[in-house]
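This is input_24.cif (mmCIF, C-alpha atoms and all ligand atoms).
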data_data
loop_
_atom_site.label_atom_id
_atom_site.label_comp_id
_atom_site.auth_asym_id
_atom_site.auth_seq_id
_atom_site.Cartn_x
_atom_site.Cartn_y
_atom_site.Cartn_z
CA MET A 21 97.04 -29.61 5.09
CA LYS A 22 94.13 -27.97 3.26
CA GLU A 23 92.63 -29.55 0.15
CA ASN A 24 94.04 -28.07 -3.06
CA ILE A 25 91.47 -26.93 -5.62
CA SER A 26 92.47 -26.73 -9.28
CA LEU A 27 92.36 -23.23 -10.77
CA SER A 28 91.44 -24.22 -14.31
CA LYS A 29 87.83 -24.17 -15.55
CA GLN A 30 86.46 -23.03 -12.21
CA LYS A 31 82.97 -21.57 -12.31
CA ILE A 32 81.48 -19.03 -9.91
CA SER A 33 77.68 -19.09 -9.54
CA PHE A 34 76.42 -15.67 -8.47
CA PHE A 35 73.06 -15.27 -6.72
CA SER A 36 70.83 -12.19 -6.22
CA THR A 37 72.53 -10.45 -9.13
CA GLN A 38 71.55 -7.19 -10.78
CA PRO A 39 72.79 -5.90 -14.16
CA TYR A 40 75.50 -3.83 -12.43
CA ASP A 41 76.98 -6.95 -10.73
CA ARG A 42 77.52 -8.54 -14.14
CA ILE A 43 79.13 -5.38 -15.51
CA PHE A 44 81.65 -4.95 -12.67
CA PHE A 45 82.51 -8.67 -12.27
CA GLU A 46 82.91 -9.28 -16.00
CA LYS A 47 85.14 -6.19 -16.30
CA HIS A 48 87.51 -7.41 -13.57
CA ASN A 49 87.37 -11.17 -14.18
CA THR A 50 90.61 -12.91 -15.05
CA GLY A 51 89.75 -16.26 -16.57
CA LEU A 52 87.11 -17.81 -14.32
CA GLU A 53 83.71 -18.83 -15.73
CA LEU A 54 80.97 -16.60 -14.34
CA GLU A 55 77.31 -17.63 -14.11
CA PHE A 56 74.72 -15.07 -12.94
CA PHE A 57 71.37 -15.87 -11.34
CA GLU A 58 68.93 -13.06 -10.52
CA THR A 59 67.20 -15.18 -7.93
CA GLN A 60 68.11 -15.32 -4.26
CA LEU A 61 69.94 -18.39 -2.98
CA ASN A 62 67.72 -20.37 -0.61
CA ASP A 63 66.58 -23.98 -0.15
CA LEU A 64 64.21 -23.67 -3.14
CA THR A 65 66.79 -22.33 -5.61
CA ILE A 66 69.72 -24.51 -4.60
CA ASN A 67 69.12 -26.89 -7.52
CA LEU A 68 70.25 -24.19 -9.94
CA ILE A 69 73.75 -25.06 -8.84
CA GLN A 70 75.36 -27.50 -11.24
CA ASN A 71 79.07 -28.25 -11.62
CA THR A 72 80.09 -25.34 -9.47
CA THR A 73 82.56 -25.28 -6.61
CA ILE A 74 82.15 -21.56 -5.87
CA VAL A 75 79.00 -19.71 -4.90
CA CYS A 76 78.95 -15.92 -4.63
CA VAL A 77 76.21 -14.43 -2.46
CA PHE A 78 74.97 -11.04 -1.24
CA VAL A 79 73.27 -9.60 1.86
CA ASN A 80 69.85 -11.25 1.57
CA ASP A 81 70.78 -14.70 0.28
CA VAL A 82 69.80 -17.44 2.71
CA VAL A 83 72.92 -19.39 3.64
CA ASN A 84 71.65 -21.31 6.67
CA ALA A 85 72.59 -24.83 7.81
CA THR A 86 70.09 -26.50 5.43
CA VAL A 87 71.40 -24.60 2.40
CA ILE A 88 75.01 -25.24 3.41
CA GLU A 89 74.38 -28.96 3.75
CA ALA A 90 72.92 -28.98 0.22
CA LEU A 91 75.89 -26.94 -1.06
CA ALA A 92 78.28 -29.47 0.45
CA GLU A 93 76.41 -32.31 -1.26
CA LYS A 94 76.89 -30.45 -4.54
CA GLN A 95 80.65 -30.27 -3.87
CA VAL A 96 80.70 -26.50 -3.31
CA LYS A 97 84.01 -25.56 -1.67
CA ILE A 98 83.84 -21.77 -1.39
CA ILE A 99 81.11 -19.35 -0.36
CA ALA A 100 82.24 -15.85 -1.34
CA LEU A 101 80.21 -13.00 0.13
CA ARG A 102 80.41 -9.88 -2.02
CA CYS A 103 79.58 -7.72 1.02
CA ALA A 104 80.98 -6.96 4.49
CA GLY A 105 78.19 -8.25 6.78
CA PHE A 106 77.91 -12.04 7.14
CA ASN A 107 74.98 -12.45 9.56
CA ASN A 108 73.10 -14.45 6.86
CA VAL A 109 75.71 -17.26 6.77
CA ASP A 110 75.83 -20.13 9.28
CA LEU A 111 79.61 -20.20 9.75
CA GLU A 112 79.51 -23.22 12.09
CA ALA A 113 77.69 -25.26 9.43
CA ALA A 114 80.20 -24.18 6.77
CA LYS A 115 83.10 -25.16 9.02
CA LYS A 116 81.50 -28.56 9.68
CA HIS A 117 81.29 -29.23 5.94
CA GLY A 118 84.80 -27.88 5.16
CA ILE A 119 83.46 -25.01 3.05
CA ARG A 120 85.66 -21.89 3.02
CA VAL A 121 83.83 -18.58 3.52
CA CYS A 122 85.18 -15.16 2.59
CA ARG A 123 83.85 -11.62 2.43
CA VAL A 124 84.80 -8.09 1.43
CA PRO A 125 85.55 -6.48 4.78
CA ALA A 126 86.01 -2.89 3.62
CA TYR A 127 85.31 -1.91 0.03
CA SER A 128 84.44 1.72 0.52
CA PRO A 129 83.57 2.68 4.08
CA GLU A 130 83.23 6.25 2.81
CA ALA A 131 80.38 5.23 0.47
CA VAL A 132 78.24 4.08 3.42
CA ALA A 133 79.38 6.88 5.74
CA GLU A 134 78.55 9.52 3.10
CA HIS A 135 75.09 7.98 2.60
CA ALA A 136 74.47 8.13 6.36
CA MET A 137 75.32 11.84 6.29
CA ALA A 138 73.15 12.32 3.18
CA MET A 139 70.22 10.84 5.14
CA ILE A 140 70.87 13.19 8.08
CA LEU A 141 71.00 16.26 5.83
CA THR A 142 67.93 15.20 3.85
CA LEU A 143 65.83 14.56 6.95
CA ASN A 144 66.99 17.69 8.73
CA ARG A 145 66.65 20.15 5.83
CA LYS A 146 63.69 18.23 4.32
CA ILE A 147 65.29 18.10 0.87
CA HIS A 148 62.92 15.28 -0.19
CA LYS A 149 59.97 17.56 0.40
CA ALA A 150 61.59 20.69 -1.03
CA TYR A 151 62.41 18.85 -4.27
CA ASN A 152 58.77 17.90 -4.84
CA ARG A 153 57.41 21.27 -3.73
CA VAL A 154 59.52 23.35 -6.09
CA ARG A 155 58.62 21.10 -9.02
CA GLU A 156 54.98 22.00 -8.33
CA GLN A 157 55.84 25.70 -8.23
CA ASN A 158 55.28 25.80 -4.47
CA PHE A 159 58.06 28.07 -3.26
CA SER A 160 56.80 28.37 0.32
CA LEU A 161 59.18 27.51 3.17
CA ASN A 162 56.51 26.63 5.73
CA GLY A 163 57.20 23.18 7.18
CA LEU A 164 60.80 23.02 5.94
CA LEU A 165 62.46 24.40 9.09
CA GLY A 166 65.69 22.56 9.98
CA PHE A 167 68.42 22.90 12.60
CA ASP A 168 72.16 23.63 12.49
CA LEU A 169 74.18 20.42 12.61
CA HIS A 170 77.09 22.44 13.94
CA GLY A 171 77.37 21.94 17.72
CA LYS A 172 74.95 18.98 17.86
CA THR A 173 75.91 15.69 19.54
CA ILE A 174 76.14 12.64 17.30
CA GLY A 175 76.31 9.19 18.92
CA ILE A 176 78.01 6.50 16.85
CA VAL A 177 77.40 2.84 17.71
CA GLY A 178 80.21 0.78 16.16
CA THR A 179 83.48 2.51 15.26
CA GLY A 180 84.89 0.08 12.69
CA ASN A 181 85.67 1.12 9.13
CA ILE A 182 82.35 2.82 8.45
CA GLY A 183 81.80 4.30 11.92
CA LYS A 184 85.28 5.84 11.80
CA ALA A 185 84.73 7.32 8.32
CA PHE A 186 81.36 8.68 9.46
CA SER A 187 82.94 10.22 12.56
CA LYS A 188 85.39 12.19 10.38
CA ILE A 189 82.57 13.52 8.22
CA ALA A 190 80.47 14.49 11.26
CA LYS A 191 83.48 16.24 12.84
CA GLY A 192 83.83 18.25 9.64
CA PHE A 193 80.31 19.57 10.28
CA GLY A 194 81.38 20.75 13.76
CA CYS A 195 79.48 18.06 15.65
CA LYS A 196 80.42 16.69 19.07
CA ILE A 197 81.06 12.96 18.69
CA LEU A 198 80.20 10.29 21.24
CA ALA A 199 81.06 6.69 20.41
CA TYR A 200 80.30 3.23 21.73
CA ASP A 201 82.10 0.09 20.63
CA ILE A 202 83.20 -3.09 22.38
CA VAL A 203 86.74 -2.01 21.44
CA VAL A 204 87.82 1.58 22.09
CA ASN A 205 89.69 3.17 19.17
CA PRO A 206 92.62 5.20 20.60
CA GLU A 207 93.21 6.97 17.28
CA MET A 208 89.65 8.30 17.36
CA GLU A 209 89.97 9.21 21.04
CA ALA A 210 93.08 11.22 20.24
CA ASP A 211 91.02 12.95 17.54
CA GLY A 212 88.53 14.18 20.14
CA VAL A 213 85.91 11.42 20.00
CA ARG A 214 84.59 10.54 23.48
CA PHE A 215 84.01 6.81 24.03
CA VAL A 216 81.09 6.34 26.42
CA THR A 217 78.58 3.70 27.49
CA LEU A 218 75.66 2.79 25.28
CA GLU A 219 73.35 4.38 27.87
CA THR A 220 75.23 7.70 27.54
CA ILE A 221 74.88 7.51 23.74
CA PHE A 222 71.13 7.03 24.16
CA LYS A 223 70.76 9.82 26.74
CA GLU A 224 73.00 12.53 25.28
CA SER A 225 72.80 12.23 21.50
CA ASP A 226 70.74 14.46 19.22
CA ILE A 227 71.48 12.02 16.39
CA ILE A 228 72.32 8.31 16.71
CA SER A 229 73.95 6.50 13.78
CA LEU A 230 74.30 2.70 13.83
CA HIS A 231 77.49 1.17 12.38
CA CYS A 232 77.85 -2.12 14.28
CA PRO A 233 77.23 -5.59 12.84
CA LEU A 234 74.02 -7.53 13.52
CA ASN A 235 74.62 -10.30 16.04
CA ASP A 236 73.10 -11.70 19.26
CA LYS A 237 74.36 -8.71 21.27
CA THR A 238 73.17 -6.02 18.85
CA SER A 239 69.87 -7.49 17.66
CA HIS A 240 67.10 -4.94 18.45
CA ILE A 241 69.61 -2.65 20.16
CA ILE A 242 67.04 0.04 19.37
CA ASN A 243 63.93 -1.08 21.25
CA LYS A 244 61.32 0.43 23.55
CA ASN A 245 63.73 0.48 26.51
CA SER A 246 66.57 2.20 24.68
CA LEU A 247 64.12 4.55 22.92
CA ALA A 248 62.72 5.61 26.33
CA GLN A 249 66.21 6.77 27.39
CA MET A 250 66.69 8.99 24.33
CA LYS A 251 66.14 12.73 23.97
CA ASP A 252 62.74 13.76 22.64
CA ASN A 253 62.86 14.38 18.89
CA VAL A 254 66.03 12.28 18.48
CA MET A 255 67.18 11.38 14.94
CA ILE A 256 68.08 7.72 14.32
CA ILE A 257 70.05 6.60 11.24
CA ASN A 258 70.54 2.93 10.36
CA THR A 259 72.74 2.05 7.39
CA SER A 260 73.95 -1.16 9.03
CA ARG A 261 71.42 -4.00 9.29
CA GLY A 262 67.63 -3.89 9.71
CA GLY A 263 67.61 -6.24 12.70
CA LEU A 264 69.34 -3.62 14.86
CA ILE A 265 65.98 -1.86 15.20
CA ASP A 266 62.79 -3.38 16.62
CA THR A 267 60.38 -2.27 13.92
CA SER A 268 57.19 -2.24 16.04
CA ASP A 269 58.93 -0.29 18.82
CA ILE A 270 60.25 2.37 16.43
CA ILE A 271 56.83 2.73 14.81
CA ALA A 272 55.31 3.26 18.27
CA ALA A 273 58.00 5.85 19.11
CA LEU A 274 57.40 7.68 15.81
CA LYS A 275 53.64 7.74 16.45
CA LYS A 276 54.22 9.26 19.90
CA GLY A 277 56.60 11.87 18.45
CA LYS A 278 59.48 10.56 20.62
CA VAL A 279 61.58 9.92 17.52
CA GLY A 280 61.73 13.08 15.43
CA TYR A 281 63.48 11.64 12.39
CA LEU A 282 64.32 8.15 11.14
CA GLY A 283 66.61 7.34 8.22
CA ILE A 284 66.89 3.67 7.28
CA ASP A 285 68.83 2.14 4.42
CA VAL A 286 68.16 -1.32 5.83
CA TYR A 287 65.00 -2.97 7.12
CA GLU A 288 64.31 -6.09 9.19
CA GLN A 289 62.18 -7.74 6.49
CA GLU A 290 64.06 -6.26 3.52
CA GLU A 291 64.79 -9.57 1.80
CA LYS A 292 61.16 -9.69 0.57
CA LEU A 293 61.32 -6.16 -0.83
CA PHE A 294 64.67 -4.59 -1.59
CA PHE A 295 66.64 -4.78 -4.85
CA ARG A 296 63.53 -5.27 -7.01
CA ASP A 297 60.87 -3.14 -8.69
CA LEU A 298 57.58 -3.83 -6.90
CA SER A 299 55.82 -0.72 -8.22
CA GLU A 300 53.01 -2.81 -9.75
CA ASN A 301 52.58 -5.03 -6.68
CA ILE A 302 50.43 -4.84 -3.57
CA ILE A 303 52.91 -4.75 -0.69
CA GLN A 304 51.84 -7.17 2.03
CA ASP A 305 54.30 -5.86 4.63
CA ASP A 306 52.23 -3.41 6.71
CA ASP A 307 55.22 -2.24 8.77
CA ILE A 308 57.19 -0.90 5.82
CA GLN A 309 54.03 0.75 4.48
CA ARG A 310 53.49 2.42 7.87
CA LEU A 311 57.13 3.53 8.01
CA MET A 312 56.97 5.01 4.50
CA SER A 313 53.82 6.93 5.41
CA PHE A 314 55.56 9.08 8.08
CA PRO A 315 56.69 12.47 6.75
CA ASN A 316 59.81 12.31 8.97
CA VAL A 317 60.99 8.87 7.84
CA LEU A 318 63.37 8.39 4.93
CA VAL A 319 63.76 4.89 3.50
CA THR A 320 66.38 3.95 0.92
CA ALA A 321 66.64 0.37 -0.33
CA HIS A 322 70.09 -0.75 0.85
CA GLN A 323 71.91 1.61 -1.49
CA ALA A 324 74.51 3.05 0.91
CA PHE A 325 77.26 0.90 -0.65
CA PHE A 326 76.21 1.76 -4.20
CA THR A 327 79.03 3.82 -5.69
CA ASN A 328 81.29 3.20 -8.65
CA GLU A 329 84.33 2.97 -6.36
CA ALA A 330 82.65 0.49 -4.02
CA LEU A 331 81.42 -1.80 -6.83
CA THR A 332 84.92 -1.81 -8.34
CA GLN A 333 86.45 -2.79 -5.00
CA ILE A 334 83.76 -5.43 -4.36
CA ALA A 335 84.51 -7.12 -7.69
CA LEU A 336 88.30 -6.89 -7.32
CA VAL A 337 88.39 -8.09 -3.70
CA THR A 338 85.84 -10.90 -4.19
CA LEU A 339 87.68 -12.26 -7.24
CA GLY A 340 91.02 -11.85 -5.43
CA ASN A 341 89.70 -13.74 -2.37
CA ILE A 342 88.49 -16.58 -4.59
CA GLN A 343 91.77 -16.76 -6.51
CA ASP A 344 93.69 -16.89 -3.20
CA LEU A 345 91.50 -19.69 -1.85
CA LEU A 346 91.68 -21.63 -5.13
CA LYS A 347 95.45 -21.50 -4.96
CA ASN A 348 95.00 -22.79 -1.41
CA LYS A 349 96.62 -19.74 0.09
CA GLU A 350 95.34 -17.91 3.08
CA ILE A 351 93.74 -14.63 2.03
CA GLU A 352 96.24 -11.85 2.64
CA ASN A 353 93.69 -9.63 4.39
CA LYS A 354 92.84 -11.75 7.46
CA ALA A 355 89.51 -9.95 7.94
CA ALA A 356 88.35 -11.24 4.53
CA GLN A 357 88.62 -14.91 5.46
CA LEU A 358 85.83 -16.04 7.77
CA ILE A 359 86.67 -19.77 7.52
P1 LIG A 401 83.64 -3.28 10.83
O1 LIG A 401 83.77 -4.73 11.14
O2 LIG A 401 84.82 -2.52 10.30
O3 LIG A 401 83.16 -2.51 12.15
C1 LIG A 401 82.16 -2.97 13.01
C2 LIG A 401 82.42 -2.38 14.39
O4 LIG A 401 81.35 -2.78 15.24
C3 LIG A 401 83.73 -2.92 15.03
O5 LIG A 401 84.51 -1.85 15.50
C4 LIG A 401 83.22 -3.80 16.16
O6 LIG A 401 84.08 -3.82 17.29
C5 LIG A 401 81.90 -3.11 16.49
N1 LIG A 401 81.00 -3.94 17.26
C6 LIG A 401 80.89 -5.30 17.26
N2 LIG A 401 79.97 -5.68 18.16
C7 LIG A 401 79.50 -4.54 18.74
C8 LIG A 401 78.56 -4.28 19.76
N3 LIG A 401 77.93 -5.28 20.38
N4 LIG A 401 78.32 -3.01 20.08
C9 LIG A 401 78.98 -1.99 19.48
N5 LIG A 401 79.89 -2.16 18.51
C10 LIG A 401 80.16 -3.43 18.16
O7 LIG A 401 82.39 -3.16 9.87
P2 LIG A 401 82.03 -1.94 8.89
O8 LIG A 401 82.70 -2.17 7.58
O9 LIG A 401 82.26 -0.65 9.59
O10 LIG A 401 80.49 -2.21 8.67
C11 LIG A 401 79.54 -2.04 9.72
C12 LIG A 401 78.23 -2.65 9.29
O11 LIG A 401 77.70 -1.89 8.19
C13 LIG A 401 78.37 -4.08 8.72
O12 LIG A 401 78.29 -5.03 9.74
C14 LIG A 401 77.24 -4.19 7.74
O13 LIG A 401 76.16 -4.80 8.41
C15 LIG A 401 76.87 -2.73 7.42
N6 LIG A 401 77.05 -2.38 6.00
C16 LIG A 401 76.00 -1.83 5.34
C17 LIG A 401 76.14 -1.44 4.01
C18 LIG A 401 75.01 -0.80 3.24
O14 LIG A 401 75.08 -0.71 2.01
N7 LIG A 401 73.96 -0.32 3.89
C19 LIG A 401 77.36 -1.63 3.37
C20 LIG A 401 78.43 -2.19 4.08
C21 LIG A 401 78.26 -2.54 5.40
#
Would it be possible to restate this file's structure as structure tokens?
Amino acid sequence: MKENISLSKQKISFFSTQPYDRIFFEKHNTGLELEFFETQLNDLTINLIQNTTIVCVFVNDVVNATVIEALAEKQVKIIALRCAGFNNVDLEAAKKHGIRVCRVPAYSPEAVAEHAMAMILTLNRKIHKAYNRVREQNFSLNGLLGFDLHGKTIGIVGTGNIGKAFSKIAKGFGCKILAYDIVVNPEMEADGVRFVTLETIFKESDIISLHCPLNDKTSHIINKNSLAQMKDNVMIINTSRGGLIDTSDIIAALKKGKVGYLGIDVYEQEEKLFFRDLSENIIQDDDIQRLMSFPNVLVTAHQAFFTNEALTQIALVTLGNIQDLLKNKEIENKAAQLI
């Protein structure tokens, strides 16, 4: 029998919030007290939590065993992730302390899939350069040469919600789709997607797009060994999690010209950089500075999810998950309930 938590006067403490989080959560709130902190949750900020049983966190909040132990001492009962990935939460520690953990498994897979395709098109047709050039009245085409996407081979690693949505988009461009996942998707196979080994993805793809979660098996899946197997001039797109790519190895491959294009919406050390304006600061992270200096690298700051539809779903599903857990029900969507 699970412990029943009273619904009345419950407060949710949100961490790592931006103005848009407040707008979407306040719009869809139905009677809970909402408290918004801009700061990240970590062992230094934990004392901000007072009289709260629910903590709502995002991708770069630190929810390790130390933080969870402190949350348990403060009588926190629910950790609600307002994102899909949960690699930043120590689930074992939460289980040990009887804290329920939920997430938003699929708020708008299309939002992320469309951003992955936007990165491919931008890198290929050099839209980022063309935009600046034309504004300076430079109408020359030299250096802007691209290639037809039609007929190219795209390798998708991870064919869950986002990988599947991305596959449909890429098919629409006339691409040949190879896929690797630990679970083969028969629906996609029937739609002409060829499930192959990871090695085949590396060897045969012109473009590789990563859509798997970050875990022990996928950490640094792109490293010097996998890079060596790839076609020269390969394009790599990562909208999933920064830790999938070994940053020093990709920098070395870019310097050698092995990797022709890199699009990243996520970065291994992003928690020190993303979601804030650092335009007046001296960036101490030399790897991101090196990456941003390559003309064939496109970096966006974890914005693939950032659409009106996705933020609406995130707010609705997160609040729904919390309401379900407060009423001591199981969450209807099994994938949303991690513990
Ligand atoms: P999902 O759970 O629907 O799909 C993940 C897929 O990866 C599953 O099919 C799973 O079987 C597969 N997988 C697991 N381990 C694997 C392995 N070792 N090798 C290959 N495939 C493996 O998740 P999703 O909603 O499609 O999201 C994918 C990832 O995208 C998330 O884990 C998250 O990190 C990231 N994400 C990023 C943003 C963003 O804004 N950039 C937004 C949402 C999600």
List all protein, DNA and RNA residues that have at least one atom no more than 7 Å from any atom of ligand LIG 401 (chain A), counting all atoms listed in the file, and write them as JSON, numbers by chain. {"A": [103, 104, 105, 125, 126, 129, 132, 177, 178, 179, 180, 181, 182, 183, 200, 201, 202, 203, 231, 232, 233, 234, 237, 238, 259, 260, 261, 285, 286, 322, 323, 324, 325, 326]}
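Pairwise distance (CA of Gly171 (chain A), CA of Lys188 (chain A)) equals 14.6 Å.
Nearest to Asn107 (chain A) of all the residues A:Asn316, A:Ser239, A:Gln157, A:Thr327 is A:Ser239, based on all atoms listed in the file.
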If I take CA of Gly280 (chain A) and CA of Asp252 (chain A), how far is one from the other in Å, to one decimal? 7.3 Å
Point (65.5, -25.7, -2.5) neighbourhood (12 Å, only C-alpha atoms) written as an NGL selection string: :A and (59-69 or 82-84 or 86-91)
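The protein and nucleic acid residues lying at most 10 Å from Thr267 (chain A) are His240, Ile242, Asn243, Gly262, Gly263, Leu264, Ile270, Ile271, Ala272, Ala273, Tyr287, Glu288, Gln289, Asp307, Ile308 and Leu311 of chain A, with only C-alpha atoms considered and sequence neighbours fewer than 3 positions away removed.
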